[in-house]
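The next block is protein-v7.pdb, given as PDB, C-alpha atoms.
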```
ATOM      1  CA  MET A   1      12.720 -14.480  73.143
ATOM      2  CA  GLY A   2      11.490 -13.539  69.688
ATOM      3  CA  ALA A   3      10.854 -15.853  66.750
ATOM      4  CA  ILE A   4      13.342 -16.105  63.869
ATOM      5  CA  THR A   5      11.906 -16.214  60.332
ATOM      6  CA  LEU A   6      14.133 -17.155  57.409
ATOM      7  CA  CYS A   7      12.679 -16.230  54.013
ATOM      8  CA  ARG A   8      13.883 -17.006  50.498
ATOM      9  CA  HIS A   9      13.954 -14.127  48.033
ATOM     10  CA  GLY A  10      11.300 -13.548  45.374
ATOM     11  CA  GLU A  11      11.476 -14.980  41.857
ATOM     12  CA  PRO A  12      14.569 -13.765  39.948
ATOM     13  CA  ALA A  13      14.285 -12.249  36.481
ATOM     14  CA  LEU A  14      16.781 -14.698  34.947
ATOM     15  CA  SER A  15      14.981 -17.567  33.190
ATOM     16  CA  ARG A  16      15.574 -21.208  34.163
ATOM     17  CA  ARG A  17      13.765 -22.582  31.094
ATOM     18  CA  HIS A  18      16.649 -23.937  29.052
ATOM     19  CA  THR A  19      19.350 -26.580  29.340
ATOM     20  CA  MET A  20      23.120 -26.171  29.352
ATOM     21  CA  ASP A  21      26.360 -27.990  30.048
ATOM     22  CA  TRP A  22      28.438 -27.305  33.163
ATOM     23  CA  ARG A  23      30.213 -24.321  31.590
ATOM     24  CA  GLY A  24      26.899 -22.777  30.607
ATOM     25  CA  TYR A  25      25.591 -23.317  34.114
ATOM     26  CA  ARG A  26      28.653 -21.687  35.665
ATOM     27  CA  ASP A  27      28.065 -18.621  33.453
ATOM     28  CA  TRP A  28      24.324 -18.681  34.188
ATOM     29  CA  TRP A  29      25.024 -18.784  37.962
ATOM     30  CA  ALA A  30      27.362 -15.764  37.705
ATOM     31  CA  ARG A  31      24.543 -13.772  36.038
ATOM     32  CA  TYR A  32      22.054 -15.080  38.619
ATOM     33  CA  GLU A  33      24.259 -13.879  41.491
ATOM     34  CA  GLU A  34      24.229 -10.341  40.062
ATOM     35  CA  GLY A  35      20.583 -10.178  38.984
ATOM     36  CA  GLY A  36      17.426  -8.861  40.544
ATOM     37  CA  LEU A  37      13.788  -9.908  40.759
ATOM     38  CA  LEU A  38      11.250 -10.488  38.022
ATOM     39  CA  GLU A  39       9.008  -7.432  37.844
ATOM     40  CA  GLY A  40       5.396  -7.442  38.968
ATOM     41  CA  GLN A  41       5.674  -9.649  42.065
ATOM     42  CA  THR A  42       4.072  -8.927  45.385
ATOM     43  CA  PRO A  43       5.108 -10.540  48.657
ATOM     44  CA  PRO A  44       2.651 -12.853  50.431
ATOM     45  CA  HIS A  45       0.610 -11.143  53.146
ATOM     46  CA  CYS A  46       2.035 -13.418  55.858
ATOM     47  CA  LEU A  47       5.544 -12.236  54.979
ATOM     48  CA  GLU A  48       4.462  -8.607  55.154
ATOM     49  CA  ASP A  49       3.008  -9.415  58.595
ATOM     50  CA  TYR A  50       6.330 -10.925  59.705
ATOM     51  CA  ALA A  51       8.115  -7.759  58.540
ATOM     52  CA  ARG A  52       5.627  -5.510  60.323
ATOM     53  CA  ASP A  53       6.061  -7.430  63.580
ATOM     54  CA  ALA A  54       9.852  -7.864  63.385
ATOM     55  CA  ARG A  55      12.119  -5.838  65.602
ATOM     56  CA  TYR A  56      15.139  -6.700  63.430
ATOM     57  CA  ILE A  57      15.210  -7.218  59.650
ATOM     58  CA  TYR A  58      18.304  -8.426  57.785
ATOM     59  CA  SER A  59      18.965  -9.314  54.160
ATOM     60  CA  SER A  60      21.756 -10.791  52.117
ATOM     61  CA  THR A  61      23.839  -8.228  50.246
ATOM     62  CA  LEU A  62      22.928  -9.828  46.900
ATOM     63  CA  ARG A  63      20.577  -7.790  44.709
ATOM     64  CA  ARG A  64      17.708 -10.306  44.604
ATOM     65  CA  ALA A  65      17.598 -10.456  48.412
ATOM     66  CA  GLN A  66      17.764  -6.685  48.822
ATOM     67  CA  GLU A  67      14.971  -6.171  46.267
ATOM     68  CA  THR A  68      12.938  -8.719  48.226
ATOM     69  CA  ALA A  69      13.560  -6.773  51.433
ATOM     70  CA  LEU A  70      12.502  -3.530  49.764
ATOM     71  CA  ALA A  71       9.262  -5.159  48.576
ATOM     72  CA  VAL A  72       8.514  -6.683  51.981
ATOM     73  CA  CYS A  73       9.520  -3.890  54.339
ATOM     74  CA  GLY A  74       7.274  -1.134  53.019
ATOM     75  CA  GLY A  75       9.820   1.600  53.620
ATOM     76  CA  ARG A  76      11.141   0.221  56.901
ATOM     77  CA  ALA A  77      14.885   0.022  57.292
ATOM     78  CA  PHE A  78      16.687  -3.312  57.019
ATOM     79  CA  GLU A  79      20.353  -4.223  57.285
ATOM     80  CA  PRO A  80      22.143  -6.033  54.414
ATOM     81  CA  MET A  81      24.787  -8.485  55.673
ATOM     82  CA  ASP A  82      27.504 -10.357  53.747
ATOM     83  CA  MET A  83      27.190 -13.227  56.217
ATOM     84  CA  LEU A  84      23.760 -14.092  54.687
ATOM     85  CA  VAL A  85      24.764 -14.555  51.020
ATOM     86  CA  GLU A  86      24.010 -17.877  49.355
ATOM     87  CA  ALA A  87      26.390 -20.811  49.679
ATOM     88  CA  PRO A  88      28.230 -21.452  46.382
ATOM     89  CA  LEU A  89      26.992 -23.777  43.654
ATOM     90  CA  PRO A  90      30.076 -24.743  41.623
ATOM     91  CA  PRO A  91      29.054 -27.391  39.055
ATOM     92  CA  PRO A  92      31.075 -30.568  38.556
ATOM     93  CA  LYS A  93      32.906 -30.745  35.232
ATOM     94  CA  LEU A  94      30.715 -33.410  33.672
ATOM     95  CA  PRO A  95      30.969 -34.397  29.985
ATOM     96  CA  THR A  96      29.632 -31.555  27.830
ATOM     97  CA  TRP A  97      26.944 -33.784  26.292
ATOM     98  CA  ILE A  98      25.217 -33.720  29.707
ATOM     99  CA  LYS A  99      22.863 -30.772  29.587
ATOM    100  CA  LEU A 100      20.591 -29.890  32.476
ATOM    101  CA  SER A 101      18.294 -27.056  33.418
ATOM    102  CA  PRO A 102      19.357 -24.616  36.143
ATOM    103  CA  LYS A 103      16.140 -25.533  37.983
ATOM    104  CA  SER A 104      16.338 -27.084  41.428
ATOM    105  CA  TRP A 105      16.086 -30.651  40.131
ATOM    106  CA  GLY A 106      18.733 -30.034  37.470
ATOM    107  CA  TRP A 107      22.044 -28.271  37.985
ATOM    108  CA  GLY A 108      20.835 -26.934  41.330
ATOM    109  CA  THR A 109      20.717 -30.415  42.862
ATOM    110  CA  VAL A 110      23.764 -31.801  41.033
ATOM    111  CA  SER A 111      25.940 -28.838  42.014
ATOM    112  CA  ARG A 112      24.746 -28.752  45.597
ATOM    113  CA  LEU A 113      25.339 -32.507  46.111
ATOM    114  CA  TRP A 114      28.745 -32.245  44.438
ATOM    115  CA  TRP A 115      29.751 -29.337  46.682
ATOM    116  CA  TRP A 116      28.308 -30.918  49.862
ATOM    117  CA  TYR A 117      29.673 -34.455  49.520
ATOM    118  CA  SER A 118      32.895 -34.088  47.516
ATOM    119  CA  ASP A 119      34.132 -30.808  49.029
ATOM    120  CA  ARG A 120      35.141 -29.747  45.528
ATOM    121  CA  HIS A 121      34.577 -26.022  45.587
ATOM    122  CA  GLU A 122      36.471 -24.589  42.598
ATOM    123  CA  ALA A 123      38.347 -22.113  44.841
ATOM    124  CA  GLU A 124      35.059 -20.836  46.299
ATOM    125  CA  GLU A 125      33.821 -21.148  49.859
ATOM    126  CA  THR A 126      34.212 -24.704  51.181
ATOM    127  CA  ARG A 127      31.454 -26.610  52.933
ATOM    128  CA  ALA A 128      33.299 -26.217  56.255
ATOM    129  CA  MET A 129      33.576 -22.470  55.725
ATOM    130  CA  ALA A 130      29.879 -22.187  54.858
ATOM    131  CA  GLU A 131      28.910 -24.272  57.895
ATOM    132  CA  LYS A 132      30.980 -21.968  60.118
ATOM    133  CA  ARG A 133      29.288 -18.944  58.533
ATOM    134  CA  ALA A 134      25.848 -20.521  59.098
ATOM    135  CA  LYS A 135      26.735 -21.157  62.758
ATOM    136  CA  ASP A 136      27.920 -17.559  63.149
ATOM    137  CA  ALA A 137      24.720 -16.305  61.496
ATOM    138  CA  ALA A 138      22.546 -18.468  63.774
ATOM    139  CA  ASP A 139      24.422 -17.226  66.859
ATOM    140  CA  PHE A 140      23.934 -13.620  65.737
ATOM    141  CA  LEU A 141      20.204 -14.082  65.027
ATOM    142  CA  VAL A 142      19.607 -15.844  68.347
ATOM    143  CA  ALA A 143      21.399 -13.038  70.200
ATOM    144  CA  LYS A 144      19.055 -10.535  68.526
ATOM    145  CA  ALA A 145      15.980 -12.661  69.329
ATOM    146  CA  ARG A 146      17.108 -12.824  72.981
ATOM    147  CA  GLU A 147      16.992  -9.025  73.099
ATOM    148  CA  GLY A 148      13.235  -9.353  72.631
ATOM    149  CA  GLY A 149      11.215  -9.125  69.443
ATOM    150  CA  ASP A 150      11.079 -11.132  66.256
ATOM    151  CA  VAL A 151      13.879 -11.370  63.694
ATOM    152  CA  LEU A 152      13.302 -11.576  59.917
ATOM    153  CA  VAL A 153      15.964 -12.675  57.422
ATOM    154  CA  LEU A 154      15.473 -12.204  53.662
ATOM    155  CA  ALA A 155      18.130 -14.275  51.960
ATOM    156  CA  HIS A 156      18.543 -17.545  50.035
ATOM    157  CA  GLY A 157      17.076 -21.031  50.026
ATOM    158  CA  TYR A 158      20.076 -23.226  50.683
ATOM    159  CA  PHE A 159      21.941 -20.982  53.102
ATOM    160  CA  ASN A 160      18.700 -20.441  55.041
ATOM    161  CA  LEU A 161      18.503 -24.243  55.323
ATOM    162  CA  MET A 162      22.053 -24.311  56.698
ATOM    163  CA  ILE A 163      21.095 -21.703  59.318
ATOM    164  CA  SER A 164      17.980 -23.777  60.104
ATOM    165  CA  LEU A 165      20.142 -26.800  60.934
ATOM    166  CA  GLU A 166      22.092 -24.682  63.418
ATOM    167  CA  LEU A 167      18.917 -23.278  65.010
ATOM    168  CA  LYS A 168      17.610 -26.828  65.537
ATOM    169  CA  LYS A 169      20.851 -27.749  67.317
ATOM    170  CA  MET A 170      20.256 -24.771  69.604
ATOM    171  CA  GLY A 171      16.821 -26.020  70.668
ATOM    172  CA  PHE A 172      14.599 -24.113  68.230
ATOM    173  CA  ILE A 173      11.563 -25.785  66.687
ATOM    174  CA  LYS A 174      10.117 -25.044  63.270
ATOM    175  CA  THR A 175       6.605 -23.578  63.518
ATOM    176  CA  VAL A 176       6.206 -22.611  59.821
ATOM    177  CA  GLU A 177       7.567 -24.525  56.807
ATOM    178  CA  GLN A 178       6.974 -23.256  53.263
ATOM    179  CA  GLY A 179       9.815 -25.125  51.589
ATOM    180  CA  PHE A 180      12.237 -23.745  49.027
ATOM    181  CA  LYS A 181       9.714 -21.834  46.903
ATOM    182  CA  TYR A 182      10.275 -18.158  46.177
ATOM    183  CA  TRP A 183       9.078 -15.974  49.086
ATOM    184  CA  GLY A 184       8.904 -19.176  51.187
ATOM    185  CA  CYS A 185       9.504 -18.910  54.931
ATOM    186  CA  ARG A 186      10.745 -21.099  57.735
ATOM    187  CA  ARG A 187       9.912 -19.785  61.199
ATOM    188  CA  TYR A 188      11.662 -20.941  64.372
ATOM    189  CA  GLU A 189      10.805 -20.501  68.022
ATOM    190  CA  LEU A 190      12.706 -21.653  71.074
ATOM    191  CA  LYS A 191      11.460 -24.969  72.414
ATOM    192  CA  ARG A 192       9.839 -24.597  75.812
ATOM    193  CA  ASP A 193      10.033 -27.353  78.426
ATOM    194  CA  ARG A 194       6.603 -28.620  79.392
ATOM    195  CA  LYS A 195       5.883 -28.930  83.111
TER     196      LYS A 195
END
```

In structure tokens, how does this file's structure come out?
Amino acid sequence: MGAITLCRHGEPALSRRHTMDWRGYRDWWARYEEGGLLEGQTPPHCLEDYARDARYIYSSTLRRAQETALAVCGGRAFEPMDMLVEAPLPPPKLPTWIKLSPKSWGWGTVSRLWWWYSDRHEAEETRAMAEKRAKDAADFLVAKAREGGDVLVLAHGYFNLMISLELKKMGFIKTVEQGFKYWGCRRYELKRDRK
């Protein structure tokens, strides 16, 4: 049984250094979903090692994840998969005088909590749909790991966390935790019974 490593993409080119109301954030997120990586980045050596050792490498179909995979894989093939795209971040329609940054502790947190706890999804993927997709992704990745060899996923912070929750339910333990930072990895291995 191989290990499963879930990695967040590199730093996007779109700046997070300004504030906006909910409409501005919705427009910002649409540009973020289409954009690529900030130029001049290099992947951490440990991530390059994971890619070198992986039997299977998958990415989200979004540009920032695919550019991350290209940077990490060093010419090796990887497979983009729609099932690995980020969960949606529809912002709540707060009064327009409330202006927040798109950073994690601004609109990122507000939108995620709103989507998670209110199930208001603005005609996008619901929480239940995203949880089903995360379960399907975890099942797929575990099936690949059972074939022998490590699995590397280059995708998105929050959806990787949702997959992580499913892997834990399936008996996997986290052996590496680098948080939500860009290029950050979470690595999971199947728990072994001690005798």

(Q) My list of candidates is A:Gly149, A:Gly179, A:Gly108, A:Gly35. Which is closest to Ala51 (chain A) when distances are computed with only C-alpha atoms? (A)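 Checking each of A:Gly149, A:Gly179, A:Gly108, A:Gly35 against Ala51 (chain A), counting only C-alpha atoms, the winner is A:Gly149.
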
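Coordinates place CA of Tyr158 (chain A) at a distance of 17.7 Å from CA of Ala69 (chain A).
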
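Non-sequential neighbours of Asn160 (chain A) (distance at most 8 Å, separation of 3 or more positions within a chain, all atoms listed in the file) are A:Leu6, A:Cys7, A:Arg8, A:Ala155, A:His156, A:Gly157, A:Ile163, A:Ser164.
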
Q | Atomic distance CA of Arg133 (chain A) - CA of Met170 (chain A), expressed in Å with one decimal | A |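 Result for CA of Arg133 (chain A) versus CA of Met170 (chain A): 15.4 Å, one decimal.
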
Q: Point out the residue among A:Pro102, A:Pro44, A:Gly148, A:Pro90 with the least atom-to-atom distance to Tyr182 (chain A), counting all atoms listed in the file.
A: A:Pro44

Q: Name every residue that the PyMOL selection byres ((chain A and resi 14-20) around 9) selects in this structure, writing the answer as a ChimeraX atom specification with chains first and numbers rising.
A: /A:11-13,21-25,28,31-32,35-38,96,98-103,106-107

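Note that the spacing between CA of Asp139 (chain A) and CA of Glu34 (chain A) amounts to 27.7 Å.
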
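Distances to Arg26 (chain A) were evaluated for A:Pro43, A:Gly10, A:Gly75, A:Pro91 using only C-alpha atoms, and the minimum falls at A:Pro91.
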
Output, as JSON, the centre and edge lengths in Å (one decimal) of the axis-aligned box that contains all listed atoms of region 184-187 of chain A with 6 Å of margin on each side.
```
{"center_x": 9.8, "center_y": -20.0, "center_z": 56.2, "size_x": 13.8, "size_y": 14.2, "size_z": 22.0}
```

Q.
Ranking A:Pro95, A:Trp105, A:Gly74, A:Leu167 by minimum distance to Arg186 (chain A) and counting all atoms listed in the file, which one comes first?
A.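 Selected residue with least distance to Arg186 (chain A): A:Leu167.
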
Q: Please tell me which residues are no farther than 12 Å from (18.4, -10.7, 52.8) in the file, counting only C-alpha atoms, and write them as a ChimeraX atom specification.
A: /A:5-10,56-73,78-86,151-157,159-160,183

Q) Counting only C-alpha atoms, which of A:Glu48, A:Asp119, A:Asp150, A:Glu166 gets nearest to Arg187 (chain A)? A)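 Closest candidate: A:Asp150.
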
Q) Out of A:Val110, A:Lys135, A:Leu89, A:Trp115, which residue has the shortest atom-to-atom distance to Asp27 (chain A) when counting all atoms listed in the file? A)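 Nearest to Asp27 (chain A): A:Leu89.
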